[in-house]
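The next block is upload30.cif, given as mmCIF, C-alpha atoms.
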data_query
loop_
_atom_site.label_atom_id
_atom_site.label_comp_id
_atom_site.auth_asym_id
_atom_site.auth_seq_id
_atom_site.Cartn_x
_atom_site.Cartn_y
_atom_site.Cartn_z
CA MET A 8 -5.30 -35.49 4.95
CA GLN A 9 -3.28 -33.78 2.23
CA GLU A 10 -4.94 -33.36 -1.13
CA ILE A 11 -3.99 -35.86 -3.81
CA PRO A 12 -3.36 -34.16 -7.19
CA LEU A 13 -5.73 -35.34 -9.91
CA GLU A 14 -2.80 -35.70 -12.30
CA LEU A 15 -1.25 -38.30 -9.99
CA ILE A 16 -4.49 -40.27 -9.86
CA GLN A 17 -4.72 -40.24 -13.65
CA ARG A 18 -1.12 -41.39 -14.07
CA ALA A 19 -1.64 -44.15 -11.52
CA GLN A 20 -4.80 -45.21 -13.37
CA LYS A 21 -2.66 -45.63 -16.48
CA GLY A 22 -0.47 -48.06 -14.57
CA SER A 23 2.34 -45.86 -13.26
CA ILE A 24 3.73 -47.40 -10.09
CA GLU A 25 5.74 -44.21 -9.45
CA ALA A 26 2.52 -42.17 -9.43
CA PHE A 27 0.89 -44.67 -7.10
CA GLU A 28 3.92 -44.45 -4.82
CA GLU A 29 3.43 -40.66 -4.72
CA ILE A 30 -0.21 -41.17 -3.76
CA TYR A 31 1.00 -43.52 -1.04
CA LYS A 32 3.50 -40.94 0.24
CA ILE A 33 0.80 -38.29 0.41
CA SER A 34 -1.89 -40.35 2.09
CA SER A 35 -0.12 -43.15 3.99
CA GLY A 36 0.42 -40.90 7.00
CA PHE A 37 -3.30 -40.36 7.33
CA VAL A 38 -4.16 -44.03 6.82
CA TYR A 39 -1.50 -45.25 9.23
CA SER A 40 -2.34 -42.62 11.86
CA VAL A 41 -6.03 -43.49 11.84
CA ALA A 42 -5.24 -47.20 11.92
CA MET A 43 -2.73 -46.74 14.74
CA ARG A 44 -5.12 -44.67 16.81
CA VAL A 45 -8.04 -47.00 16.35
CA THR A 46 -6.20 -50.30 16.75
CA ALA A 47 -3.57 -49.03 19.22
CA ASN A 48 -1.13 -51.56 17.79
CA LYS A 49 1.74 -50.96 15.39
CA ALA A 50 1.61 -54.32 13.58
CA ASP A 51 -2.17 -54.09 13.14
CA ALA A 52 -1.90 -50.51 11.91
CA GLU A 53 0.69 -51.52 9.31
CA GLU A 54 -1.46 -54.44 8.18
CA VAL A 55 -4.45 -52.11 7.82
CA THR A 56 -2.33 -49.63 5.85
CA GLN A 57 -1.16 -52.39 3.54
CA ASP A 58 -4.69 -53.72 2.98
CA VAL A 59 -6.07 -50.25 2.32
CA PHE A 60 -3.51 -49.40 -0.36
CA VAL A 61 -3.83 -52.75 -2.09
CA LYS A 62 -7.59 -52.07 -2.24
CA VAL A 63 -6.97 -48.53 -3.51
CA HIS A 64 -4.78 -49.91 -6.29
CA LYS A 65 -7.44 -52.42 -7.31
CA LYS A 66 -10.14 -49.74 -7.39
CA LEU A 67 -8.05 -47.00 -8.99
CA SER A 68 -9.89 -47.14 -12.30
CA THR A 69 -13.21 -46.34 -10.61
CA PHE A 70 -12.18 -42.96 -9.18
CA GLU A 71 -13.21 -40.10 -11.40
CA SER A 72 -12.29 -37.28 -9.05
CA ARG A 73 -9.92 -36.40 -6.26
CA ALA A 74 -12.83 -36.02 -3.82
CA ALA A 75 -14.09 -39.50 -4.64
CA LEU A 76 -10.72 -41.03 -3.78
CA THR A 77 -10.34 -39.00 -0.59
CA SER A 78 -13.78 -39.82 0.81
CA TRP A 79 -13.37 -43.45 -0.20
CA LEU A 80 -9.99 -43.53 1.52
CA TYR A 81 -11.56 -42.21 4.75
CA ARG A 82 -14.26 -44.84 4.63
CA VAL A 83 -12.05 -47.79 3.73
CA THR A 84 -9.39 -46.86 6.29
CA MET A 85 -11.85 -46.46 9.11
CA ASN A 86 -13.71 -49.65 8.25
CA ALA A 87 -10.48 -51.64 7.95
CA ALA A 88 -9.24 -50.30 11.29
CA LEU A 89 -12.54 -51.03 13.03
CA ASP A 90 -12.61 -54.52 11.51
CA MET A 91 -9.12 -55.13 12.82
CA CYS A 92 -10.23 -54.04 16.29
CA LYS A 93 -13.18 -56.43 16.23
CA LYS A 94 -10.94 -59.23 14.99
CA ARG A 95 -8.48 -58.65 17.82
CA LYS A 96 -11.27 -58.42 20.36
CA ARG A 97 -12.71 -61.72 19.16
CA HIS A 98 -9.39 -63.51 19.39
CA GLN A 99 -8.43 -61.85 22.65
CA ASP A 100 -4.87 -62.78 21.87
CA ARG A 101 -3.40 -59.91 23.74
CA GLU A 102 -4.39 -57.11 26.02
CA VAL A 103 -3.75 -53.63 24.70
CA THR A 104 -2.60 -51.21 27.32
CA VAL A 105 -1.76 -47.58 26.97
CA GLU A 106 1.80 -48.34 28.06
CA GLY A 107 2.07 -51.03 25.39
CA VAL A 108 0.88 -48.68 22.68
CA LEU A 109 3.28 -45.98 23.72
CA GLN A 110 6.16 -48.41 23.94
CA GLN A 111 5.49 -49.73 20.43
CA GLU A 112 5.10 -46.27 18.99
CA SER A 113 8.24 -45.01 20.65
CA VAL A 114 10.21 -47.52 18.56
CA GLU A 115 9.51 -45.31 15.54
CA PRO A 116 12.39 -42.88 15.03
CA GLU A 117 9.97 -40.07 14.35
CA ALA A 118 8.54 -40.46 17.82
CA ARG A 119 11.92 -39.60 19.28
CA ARG A 120 12.19 -36.25 17.55
CA GLY A 121 10.95 -34.16 20.40
CA LEU A 122 9.92 -34.85 23.91
CA GLU A 123 7.10 -32.34 23.61
CA LYS A 124 5.70 -33.99 20.49
CA GLU A 125 6.06 -37.40 22.05
CA ASN A 126 4.26 -36.29 25.18
CA HIS A 127 1.51 -34.83 23.06
CA GLU A 128 1.11 -38.04 21.11
CA GLN A 129 1.11 -39.99 24.34
CA LYS A 130 -1.71 -37.80 25.59
CA VAL A 131 -3.70 -38.41 22.40
CA GLN A 132 -3.18 -42.17 22.65
CA GLU A 133 -4.05 -42.15 26.32
CA LEU A 134 -7.32 -40.31 25.75
CA LEU A 135 -8.31 -42.53 22.83
CA SER A 136 -7.68 -45.64 24.92
CA VAL A 137 -10.60 -44.59 27.11
CA LEU A 138 -13.04 -44.88 24.19
CA ASN A 139 -14.60 -47.82 22.40
CA PRO A 140 -13.71 -48.26 18.68
CA ASP A 141 -16.88 -46.58 17.37
CA GLN A 142 -16.38 -43.56 19.61
CA LYS A 143 -12.69 -43.44 18.65
CA ALA A 144 -13.62 -43.35 14.98
CA CYS A 145 -15.94 -40.38 15.49
CA VAL A 146 -13.47 -38.46 17.68
CA ILE A 147 -10.58 -39.05 15.25
CA LEU A 148 -12.60 -37.90 12.26
CA ARG A 149 -14.00 -34.90 14.09
CA GLU A 150 -11.14 -33.68 16.27
CA ILE A 151 -8.07 -34.73 14.30
CA GLU A 152 -9.29 -34.83 10.70
CA GLY A 153 -11.74 -31.94 11.10
CA LEU A 154 -14.67 -33.60 9.31
CA ASP A 155 -18.15 -32.23 10.00
CA TYR A 156 -21.10 -34.33 11.15
CA LYS A 157 -22.31 -34.95 7.61
CA GLU A 158 -18.92 -36.14 6.40
CA ILE A 159 -18.48 -38.39 9.44
CA ALA A 160 -21.92 -39.88 8.85
CA ALA A 161 -21.04 -40.58 5.20
CA THR A 162 -17.64 -42.04 6.08
CA LEU A 163 -18.95 -44.38 8.75
CA ASP A 164 -22.26 -45.01 7.00
CA ILE A 165 -24.31 -43.97 10.03
CA ASN A 166 -26.93 -41.26 10.48
CA LEU A 167 -26.33 -37.75 11.85
CA ASN A 168 -27.97 -38.44 15.21
CA THR A 169 -25.68 -41.42 15.75
CA VAL A 170 -22.66 -39.23 15.02
CA ARG A 171 -23.88 -36.67 17.54
CA SER A 172 -24.65 -39.21 20.26
CA ARG A 173 -21.34 -41.04 19.78
CA LEU A 174 -19.39 -37.81 20.01
CA LYS A 175 -21.34 -36.69 23.08
CA ARG A 176 -20.78 -39.99 24.90
CA ALA A 177 -17.13 -40.03 23.89
CA ARG A 178 -16.66 -36.54 25.33
CA GLU A 179 -18.45 -37.41 28.53
CA ALA A 180 -16.13 -40.38 28.94
CA LEU A 181 -13.07 -38.25 28.19
CA PHE A 182 -14.22 -35.51 30.53
CA ASN A 183 -14.79 -37.98 33.37
CA TYR A 184 -11.40 -39.58 32.70
CA ALA A 185 -9.70 -36.18 32.74
CA ARG A 186 -11.39 -35.16 36.00
CA LYS A 187 -10.57 -38.51 37.59
CA GLY A 188 -6.94 -38.08 36.51
CA VAL A 189 -6.78 -34.65 38.08
CA VAL A 190 -8.31 -35.91 41.32
CA GLU A 191 -5.86 -38.83 41.47
CA TYR A 192 -2.97 -36.50 40.79
CA GLU A 193 -4.08 -34.06 43.48
CA LEU A 194 -4.49 -36.84 46.01
CA MET B 10 -32.56 -22.84 29.20
CA ASN B 11 -31.36 -24.31 32.50
CA CYS B 12 -27.85 -25.66 33.23
CA ASP B 13 -28.77 -29.33 32.56
CA GLN B 14 -30.22 -28.46 29.17
CA LEU B 15 -27.13 -26.44 28.34
CA ARG B 16 -24.87 -29.35 29.26
CA GLU B 17 -26.51 -31.41 26.53
CA TRP B 18 -25.44 -28.84 23.95
CA LEU B 19 -22.00 -28.24 25.41
CA PHE B 20 -20.78 -31.79 24.83
CA ALA B 21 -21.78 -31.87 21.19
CA GLU B 22 -22.93 -28.94 19.08
CA HIS B 23 -21.18 -26.24 21.09
CA LEU B 24 -17.77 -27.92 20.86
CA ASP B 25 -18.22 -28.67 17.21
CA ALA B 26 -19.71 -25.31 16.34
CA ALA B 27 -22.48 -27.32 14.79
CA ALA B 28 -25.40 -25.54 16.38
CA ASP B 29 -27.52 -23.26 14.27
CA GLU B 30 -27.40 -19.52 14.91
CA LYS B 31 -30.50 -19.41 17.12
CA VAL B 32 -29.31 -22.19 19.43
CA GLN B 33 -25.80 -20.79 19.55
CA SER B 34 -27.04 -17.38 20.67
CA VAL B 35 -29.04 -19.00 23.50
CA ILE B 36 -25.94 -20.95 24.59
CA ASP B 37 -23.76 -17.83 24.48
CA GLU B 38 -26.29 -15.89 26.53
CA HIS B 39 -26.43 -18.60 29.20
CA LEU B 40 -22.65 -18.88 29.38
CA HIS B 41 -22.40 -15.12 29.77
CA GLN B 42 -24.73 -15.20 32.75
CA CYS B 43 -23.68 -18.51 34.44
CA ALA B 44 -20.13 -18.70 35.79
CA ALA B 45 -20.39 -22.43 36.58
CA CYS B 46 -21.45 -23.34 33.04
CA GLU B 47 -18.86 -20.97 31.58
CA SER B 48 -16.17 -22.71 33.65
CA LEU B 49 -17.46 -26.12 32.60
CA ALA B 50 -17.39 -25.13 28.94
CA ARG B 51 -13.77 -23.96 29.23
CA GLU B 52 -12.69 -27.07 31.12
CA LEU B 53 -14.44 -29.26 28.60
CA LYS B 54 -12.66 -27.61 25.70
CA GLU B 55 -9.26 -27.86 27.39
CA SER B 56 -9.58 -31.49 28.46
CA VAL B 57 -11.59 -33.05 25.66
CA SER B 58 -11.05 -31.07 22.50
CA ASP B 59 -7.73 -29.21 22.67
CA PRO B 60 -5.46 -32.27 23.26
CA PHE B 61 -6.38 -33.57 19.79
CA LYS B 62 -5.71 -30.32 17.97
CA GLY B 63 -1.99 -30.69 17.47
CA ALA B 64 -2.03 -34.44 16.87
CA ARG B 65 0.78 -35.18 14.46
CA GLU B 66 0.60 -37.56 11.55
CA LEU B 67 2.40 -40.84 12.18
CA THR B 68 4.58 -42.49 9.56
CA PRO B 69 4.49 -46.18 8.69
CA SER B 70 7.79 -48.04 8.35
CA SER B 71 9.32 -48.38 4.88
CA GLU B 72 8.54 -52.11 4.94
CA VAL B 73 4.86 -51.33 4.45
CA TRP B 74 5.41 -49.82 0.99
CA ALA B 75 7.74 -52.68 0.08
CA LYS B 76 4.98 -55.18 0.92
CA ILE B 77 2.35 -53.19 -0.97
CA LYS B 78 4.62 -52.90 -4.00
CA SER B 79 5.38 -56.62 -4.04
CA GLU B 80 1.64 -57.29 -4.02
CA ILE B 81 0.56 -54.81 -6.70
CA ASP B 82 3.64 -55.07 -8.89
CA PRO B 83 5.24 -58.49 -8.41
CA PRO B 84 8.71 -58.88 -9.97
CA ALA B 85 8.54 -60.45 -13.44
CA PRO B 86 9.77 -64.07 -13.68
CA GLN B 87 13.32 -64.46 -15.00
CA VAL B 88 13.12 -65.31 -18.72
CA GLN B 89 16.15 -66.88 -20.41
CA LEU B 90 16.66 -64.71 -23.44
CA LYS B 91 18.78 -65.87 -26.38
CA PRO B 92 21.84 -63.66 -26.63
CA GLN B 93 22.06 -61.37 -29.64
CA LEU B 94 24.87 -62.90 -31.76
CA SER B 95 26.95 -60.92 -34.24
CA THR B 96 28.06 -62.28 -37.64
CA TRP B 97 31.50 -63.02 -36.22
CA ASP B 98 29.88 -65.03 -33.38
CA TYR B 99 28.05 -67.13 -35.96
CA VAL B 100 31.33 -67.70 -37.88
CA VAL B 101 33.13 -68.74 -34.72
CA SER B 102 30.29 -70.98 -33.62
CA PHE B 103 30.30 -72.62 -37.08
CA PHE B 104 33.88 -73.68 -36.56
CA ASN B 105 33.29 -75.32 -33.24
CA LEU B 106 34.71 -78.72 -32.36
CA LYS B 107 31.72 -80.72 -33.58
CA THR B 108 31.67 -79.08 -36.97
CA LEU B 109 35.42 -79.37 -37.36
CA SER B 110 35.37 -83.09 -36.54
CA PHE B 111 33.12 -83.52 -39.57
CA VAL B 112 34.53 -80.91 -41.94
CA VAL B 113 38.24 -81.72 -41.57
CA PRO B 114 38.06 -85.43 -42.57
CA VAL B 115 35.77 -84.62 -45.49
CA PHE B 116 38.14 -81.89 -46.63
CA ALA B 117 41.13 -84.24 -46.27
CA ILE B 118 39.46 -86.93 -48.40
CA VAL B 119 38.52 -84.44 -51.11
CA ALA B 120 42.01 -82.94 -51.15
CA PHE B 121 43.65 -86.35 -51.26
CA THR B 122 41.43 -87.38 -54.14
CA LEU B 123 42.20 -84.25 -56.12
CA PHE B 124 45.95 -84.03 -55.53
CA SER B 125 46.98 -87.65 -54.99
CA PRO B 126 50.36 -88.71 -56.78
CA ILE B 127 48.85 -92.08 -57.79
CA LYS B 128 46.22 -90.43 -59.86
CA GLN B 129 45.64 -92.54 -62.96
CA SER B 130 45.38 -89.63 -65.35
CA SER B 131 48.97 -88.50 -64.56
CA PRO B 132 51.33 -89.20 -67.52
CA GLY B 133 54.44 -90.05 -65.44
CA SER B 134 52.70 -92.58 -63.28
CA LEU B 135 51.07 -94.18 -66.36
CA ASP B 136 54.53 -94.88 -67.90
CA ALA B 137 55.81 -96.44 -64.74
CA ALA B 138 52.78 -98.69 -64.56
CA ARG B 139 53.19 -99.82 -68.15
CA TYR B 140 56.90 -100.53 -67.59
CA LEU B 141 56.17 -102.59 -64.54
CA GLN B 142 53.45 -104.44 -66.34
CA THR B 143 55.80 -105.23 -69.25
CA THR B 144 58.74 -106.20 -67.06
CA PHE B 145 56.75 -108.42 -64.75
CA SER B 146 54.68 -110.11 -67.47
CA ALA B 147 55.35 -113.85 -67.80
CA GLU B 148 56.65 -115.25 -71.11
CA ASP B 149 56.28 -118.94 -71.75
CA GLY B 150 55.72 -119.68 -68.13
CA GLU B 151 59.03 -118.07 -67.04
CA PHE B 152 59.68 -114.76 -65.50
CA SER B 153 61.88 -112.79 -67.91
CA GLY B 154 62.71 -109.98 -65.61
CA PHE B 155 65.88 -111.71 -64.29
CA SER B 156 69.24 -111.41 -66.00
CA ASN B 157 72.76 -112.60 -65.27
CA GLU B 158 74.50 -109.27 -65.82
CA GLY B 159 75.27 -108.77 -62.16
CA PHE B 160 72.61 -106.17 -61.46
CA GLY B 161 70.03 -108.60 -60.19
CA SER B 162 66.52 -108.53 -61.52
CA THR B 163 65.16 -105.95 -63.91
CA ILE B 164 63.04 -104.47 -61.14
CA GLU B 165 66.16 -104.01 -59.02
CA GLU B 166 67.79 -102.23 -61.92
CA PHE B 167 64.75 -100.07 -62.24
CA LEU B 168 64.73 -99.22 -58.63
CA LEU B 169 68.46 -98.52 -58.60
#

Whole structure given in structure tokens:
Amino acid sequence: MQEIPLELIQRAQKGSIEAFEEIYKISSGFVYSVAMRVTANKADAEEVTQDVFVKVHKKLSTFESRAALTSWLYRVTMNAALDMCKKRKRHQDREVTVEGVLQQESVEPEARRGLEKENHEQKVQELLSVLNPDQKACVILREIEGLDYKEIAATLDINLNTVRSRLKRAREALFNYARKGVVEYEL
Amino acid sequence: MNCDQLREWLFAEHLDAAADEKVQSVIDEHLHQCAACESLARELKESVSDPFKGARELTPSSEVWAKIKSEIDPPAPQVQLKPQLSTWDYVVSFFNLKTLSFVVPVFAIVAFTLFSPIKQSSPGSLDAARYLQTTFSAEDGEFSGFSNEGFGSTIEEFLL
């Protein structure tokens, strides 16, 4: 995630909507990407993004530093996305398939920019669809956001051993999926 | 360290470079000596870790910000403000139809009272009134204003 200038946070704390919009422009990509990758649904990801930024606006006065806002944003985004996943799972109102996710995402104009980029994103979405939401959260924070074990543990409010075991299981699942895919392709 | 033990490290610490120096040196030594584990480590990196490296950031639709903005900064209710009137506007509004319907009759009555021709204090009209009073006054029960000089009554003469 891009760094949010402290000056912007201070202006937003004083009530500047323009400054808050700048904060949104800087960090909405991260929030939406995480939400999209965890929920695998465009409408859910947008709802999560909306909820997260409304919460950020309400809590603005409590952030004393840039780091505080960034780490809080990681935590709130991930929790909101995981909550959305659980909610959807409970309701079972639709089945999420990899094809469905890719189809929804391809509606975005940005997804049409390059076939290579689109294929890469499809690959990311495909791999994440193999994992459960908790494993997804760890893989996204580790592999895409580049957080270390300690930061992941703090973001998800779990201990270091849980981070390690979730990542290990996630990678085993991904590795088996990749090998199976290769075998199927070769056959 | 045997291959099974190494596999435990490969899927976590090795990929994340999270192992301490001592453990990492043991892993490196094993990988240097074992072709199968070295191949597994490479395959693991290519299939599990590398695909996520170039993951691009997705962009939400513009509607999302519009919804957020409407929630955190709702549009203010429309307040009917009184227009700022100039002095001329006040003058014009003073002479509107309602005011005129009151002012004009009052002005007409005042003007009529002041400049009326039948005003009692006027000297000319006082003479005429006295003449009429004299001419039309009754003497011994008869009206003396009539004469037989061919001009009709005195009042007719006066009027002629």

- Task: Could you list, as a list of chain:residue names, the residues of chain A having an atom within 6 Å of chain B when counting all atoms listed in the file?
- Result: A:Gly36, A:Ser40, A:Gln57, A:Glu150, A:Ile151, A:Lys175, A:Leu181

- Enumerate, as a ChimeraX atom specification, the residues matched when the PyMOL selection byres ((chain B and resi 13) around 12) is run on the file above. /B:10-12,14-20,36,39,45-46,49

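Reported to one decimal place, the separation of CA of Glu47 in chain B from CA of Arg149 in chain A is 22.9 Å.
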
- Query: Which neighbours of range 73-75 of chain A fall inside 10 Å, counting only C-alpha atoms, when residues of the same chain fewer than 6 positions from it are skipped, and could you give them as a VMD selection string?
  - Reply: chain A and resid 10 to 17

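Of note, CA of Val170 in chain A and CA of Lys157 in chain A are spaced 8.6 Å apart.
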
- Write out as a ChimeraX atom specification the residues lying within 12 Å of Ile165 in chain A, counting all atoms listed in the file and excluding same-chain residues fewer than 6 positions away. /A:82,141,144-145,156-159,171-173
